[in-house]
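Engineer: Below: one structure in structure tokens.
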Amino acid sequence: FQVLPDGKIIAVLKTNKLSVIKYNSDGSIDTTFGNAGIVELGNIGYIPIIKVLNDGKIIVTDLNIYRLNPNGSLDTSFNGTGVFDIYSMTNNKMDHADALFLTSDNKIILSCEYNMTLPNGSNEDYPFGLLRINQDGTIDTTYGTNGFFINKIHPITSEGSLEYANNILNQSDFKKIMVGITYSYPNPTSYNSFVQRMNVNDTIDTSYG
């Protein structure tokens, strides 16, 4: 959930559908939002994330990225429909969001394990991945390699892994701190947490750790 400047609360939760609800500051539902205070989006997938932009528009992620207008309607200036299908738009390289970060110019950075195959082809590999999306809902191909940043953190390069960030935060100097989990895949034998720091230009900060 997120508390808005006027004291109202915007929340995302799983009901029969992925749903966004807006509450007044007194806890009552704000019936001016969506359909009597509720907006139902797509099917339920992973843990949903919600962020509110400075202009009042709302970003919701799960299997898709949704951008809503302040009144709860889909913002069709975002990818033409208000919806970014993560799986199809990334050519099956990512299928949901584990963490969400908004840049100062309202670009979207999402974290999810990146679908690739090890060089020997013996195992699937899902290293840590980031994707950056422009305000209009297109992939920002100026970021990383064609919009993707990929970094395998698991120390055994010949072994498959599954890695993702749970949270991405800005430091006061605008370097990014990412906290997540990495483990061997498909037969987990070890689980490790990781913290990764990235420079302002979104390269790995090798002075850290």
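Chain identifiers are assigned as A, B, and so on, following the order in which chains appear in the structure tokens; residues are numbered from 1 within each chain, and ligands are numbered from 1 in order of appearance.
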Segment 53-99 of chain A near segment 22-31 of chain A within 12 Å: what's each residue's closest atom pair and its distance in Å to one decimal, counting only C-alpha atoms, ordered by chain then ascending residue number, as a Markdown table?

Structural biologist:
| residue | atom | partner | partner_atom | distance |
| --- | --- | --- | --- | --- |
| A:Ile58 | CA | A:Lys22 | CA | 11.2 |
| A:Pro70 | CA | A:Lys22 | CA | 10.2 |
| A:Asn71 | CA | A:Lys22 | CA | 9.7 |
| A:Gly72 | CA | A:Lys22 | CA | 9.1 |

Engineer: Save out the residues we just selected, N, CA, C and O atoms, as an mmCIF file, in the first residue's frame.

Structural biologist:
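Done, and the output landed in selection-v1.cif:
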data_model
loop_
_atom_site.group_PDB
_atom_site.id
_atom_site.type_symbol
_atom_site.label_atom_id
_atom_site.label_comp_id
_atom_site.auth_asym_id
_atom_site.auth_seq_id
_atom_site.Cartn_x
_atom_site.Cartn_y
_atom_site.Cartn_z
ATOM 1 N N ILE A 58 -0.774 5.573 -11.111
ATOM 2 C CA ILE A 58 -0.497 4.422 -10.252
ATOM 3 C C ILE A 58 0.133 3.314 -11.082
ATOM 4 O O ILE A 58 -0.385 2.951 -12.147
ATOM 5 N N PRO A 70 -5.281 8.566 -12.005
ATOM 6 C CA PRO A 70 -5.667 8.758 -10.607
ATOM 7 C C PRO A 70 -7.094 8.301 -10.285
ATOM 8 O O PRO A 70 -7.383 7.955 -9.131
ATOM 9 N N ASN A 71 -7.979 8.272 -11.299
ATOM 10 C CA ASN A 71 -9.362 7.834 -11.043
ATOM 11 C C ASN A 71 -9.533 6.325 -11.147
ATOM 12 O O ASN A 71 -10.634 5.799 -10.967
ATOM 13 N N GLY A 72 -8.451 5.586 -11.476
ATOM 14 C CA GLY A 72 -8.517 4.131 -11.545
ATOM 15 C C GLY A 72 -8.655 3.566 -12.941
ATOM 16 O O GLY A 72 -8.561 2.350 -13.119
#

Engineer: Using only C-alpha atoms, which protein or nucleic acid residues come within 8 Å of Phe84 of chain A? Drop anything in the same chain fewer than 4 positions from it, and give the result as a VMD selection string.

Structural biologist: chain A and resid 64 to 66 78 to 79 89 137

Engineer: Next, dump the selected residues to file, keeping only N, CA and C atoms, as a PDB file, in the first residue's frame.

Structural biologist:
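The result, written out as result_13.pdb:
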ATOM      1  N   ASN A  64       1.872  -8.645 -15.120  1.00  0.00           N
ATOM      2  CA  ASN A  64       1.909  -7.514 -16.033  1.00  0.00           C
ATOM      3  C   ASN A  64       2.316  -6.263 -15.266  1.00  0.00           C
ATOM      4  N   ILE A  65       2.631  -5.210 -16.015  1.00  0.00           N
ATOM      5  CA  ILE A  65       2.756  -3.874 -15.436  1.00  0.00           C
ATOM      6  C   ILE A  65       1.534  -3.085 -15.880  1.00  0.00           C
ATOM      7  N   TYR A  66       0.804  -2.526 -14.944  1.00  0.00           N
ATOM      8  CA  TYR A  66      -0.378  -1.715 -15.239  1.00  0.00           C
ATOM      9  C   TYR A  66      -0.071  -0.273 -14.829  1.00  0.00           C
ATOM     10  N   PHE A  78       0.226   4.517 -21.909  1.00  0.00           N
ATOM     11  CA  PHE A  78       1.268   3.569 -21.518  1.00  0.00           C
ATOM     12  C   PHE A  78       1.109   2.294 -22.333  1.00  0.00           C
ATOM     13  N   ASN A  79       1.988   2.082 -23.288  1.00  0.00           N
ATOM     14  CA  ASN A  79       1.985   0.907 -24.157  1.00  0.00           C
ATOM     15  C   ASN A  79       0.705   0.772 -24.975  1.00  0.00           C
ATOM     16  N   MET A  89       6.288  -9.240 -23.868  1.00  0.00           N
ATOM     17  CA  MET A  89       7.057  -8.068 -24.274  1.00  0.00           C
ATOM     18  C   MET A  89       8.568  -8.293 -24.135  1.00  0.00           C
ATOM     19  N   GLY A 137       5.770   3.096 -21.965  1.00  0.00           N
ATOM     20  CA  GLY A 137       5.506   1.663 -21.918  1.00  0.00           C
ATOM     21  C   GLY A 137       6.314   0.839 -22.895  1.00  0.00           C
TER      22      GLY A 137
END

Engineer: Identify, with DSSP run on backbone atoms, the residues in segment 13-127 of chain A assigned to strand (DSSP E), and express the list as a PyMOL selection string.

Structural biologist: chain A and resi 13-14+18-23+38-40+49-52+58-61+64-68+83-85+99-102+108-113+116-117+124-125

Engineer: Using only C-alpha atoms, which protein or nucleic acid residues come within 8 Å of Tyr126 of chain A? Drop anything in the same chain fewer than 5 positions from it, and give the result as an MDAnalysis selection string.

Structural biologist: chainID A and resid 113:117 160:163

Engineer: Looking at A:Thr206, A:Thr81, A:Thr189, A:Asn106, which one is nearest to Val52 of chain A, with distances taken over only C-alpha atoms?

Structural biologist: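 That would be A:Asn106, the residue with the smallest distance to Val52 of chain A.
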
Engineer: Could you please write out, as number ranges by chain, every residue of segment 39-153 of chain A that DSSP assigns to helix (DSSP H, G or I)?

Structural biologist: A: 86-89

Engineer: Store the residues of this selection in a file with C-alpha atoms, as a PDB file, in the first residue's frame.

Structural biologist:
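selection-v1.pdb was written with the following content:
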ATOM      1  CA  ILE A  86       6.018  -8.852 -19.091  1.00  0.00           C
ATOM      2  CA  TYR A  87       6.304 -12.349 -20.577  1.00  0.00           C
ATOM      3  CA  SER A  88       5.414 -11.510 -24.162  1.00  0.00           C
ATOM      4  CA  MET A  89       7.057  -8.068 -24.274  1.00  0.00           C
TER       5      MET A  89
END

Engineer: Nearest to Asn187 of chain A: which of A:Glu159, A:Gly34, A:Thr76, A:Asp140 is it, counting only C-alpha atoms?

Structural biologist: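 Using only C-alpha atoms, the shortest distance to Asn187 of chain A belongs to A:Glu159.
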
Engineer: Excluding Gly144 of chain A and any residue of its chain fewer than 5 positions from it, enumerate the residues within 12 Å of it, using only C-alpha atoms, and give them as an mmCIF file with N, CA and C atoms, in the first residue's frame.

Structural biologist:
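Final output, selection11.cif:
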data_model
loop_
_atom_site.group_PDB
_atom_site.id
_atom_site.type_symbol
_atom_site.label_atom_id
_atom_site.label_comp_id
_atom_site.auth_asym_id
_atom_site.auth_seq_id
_atom_site.Cartn_x
_atom_site.Cartn_y
_atom_site.Cartn_z
ATOM 1 N N ILE A 109 12.065 0.467 -13.434
ATOM 2 C CA ILE A 109 13.036 -0.618 -13.399
ATOM 3 C C ILE A 109 12.421 -1.751 -12.599
ATOM 4 N N GLY A 129 18.231 -10.287 -12.981
ATOM 5 C CA GLY A 129 17.999 -9.441 -14.149
ATOM 6 C C GLY A 129 17.199 -8.195 -13.803
ATOM 7 N N LEU A 130 17.486 -7.132 -14.537
ATOM 8 C CA LEU A 130 16.731 -5.884 -14.446
ATOM 9 C C LEU A 130 16.255 -5.504 -15.840
ATOM 10 N N LEU A 131 15.111 -4.866 -15.907
ATOM 11 C CA LEU A 131 14.556 -4.359 -17.154
ATOM 12 C C LEU A 131 14.114 -2.925 -16.916
ATOM 13 N N ARG A 132 14.453 -2.022 -17.856
ATOM 14 C CA ARG A 132 14.005 -0.640 -17.708
ATOM 15 C C ARG A 132 13.014 -0.295 -18.818
ATOM 16 N N ILE A 133 11.933 0.373 -18.410
ATOM 17 C CA ILE A 133 10.822 0.672 -19.305
ATOM 18 C C ILE A 133 10.585 2.173 -19.321
ATOM 19 N N ILE A 139 10.241 -0.690 -24.007
ATOM 20 C CA ILE A 139 11.502 -1.048 -23.366
ATOM 21 C C ILE A 139 12.559 0.001 -23.707
ATOM 22 N N PHE A 149 19.686 -5.570 -17.900
ATOM 23 C CA PHE A 149 20.931 -5.707 -17.168
ATOM 24 C C PHE A 149 20.903 -7.083 -16.523
ATOM 25 N N ILE A 150 21.948 -7.888 -16.752
ATOM 26 C CA ILE A 150 21.979 -9.260 -16.244
ATOM 27 C C ILE A 150 23.290 -9.470 -15.501
ATOM 28 N N ASN A 151 23.198 -10.055 -14.318
ATOM 29 C CA ASN A 151 24.395 -10.334 -13.527
ATOM 30 C C ASN A 151 24.179 -11.613 -12.743
ATOM 31 N N ASN A 201 24.999 5.390 -13.069
ATOM 32 C CA ASN A 201 24.841 5.016 -14.483
ATOM 33 C C ASN A 201 24.428 3.557 -14.657
ATOM 34 N N ASP A 202 24.057 2.888 -13.534
ATOM 35 C CA ASP A 202 23.542 1.517 -13.532
ATOM 36 C C ASP A 202 24.566 0.484 -13.950
ATOM 37 N N THR A 203 25.826 0.737 -13.653
ATOM 38 C CA THR A 203 26.858 -0.285 -13.702
ATOM 39 C C THR A 203 27.105 -0.754 -12.272
ATOM 40 N N ILE A 204 27.685 -1.957 -12.119
ATOM 41 C CA ILE A 204 27.961 -2.476 -10.791
ATOM 42 C C ILE A 204 29.038 -1.631 -10.119
#
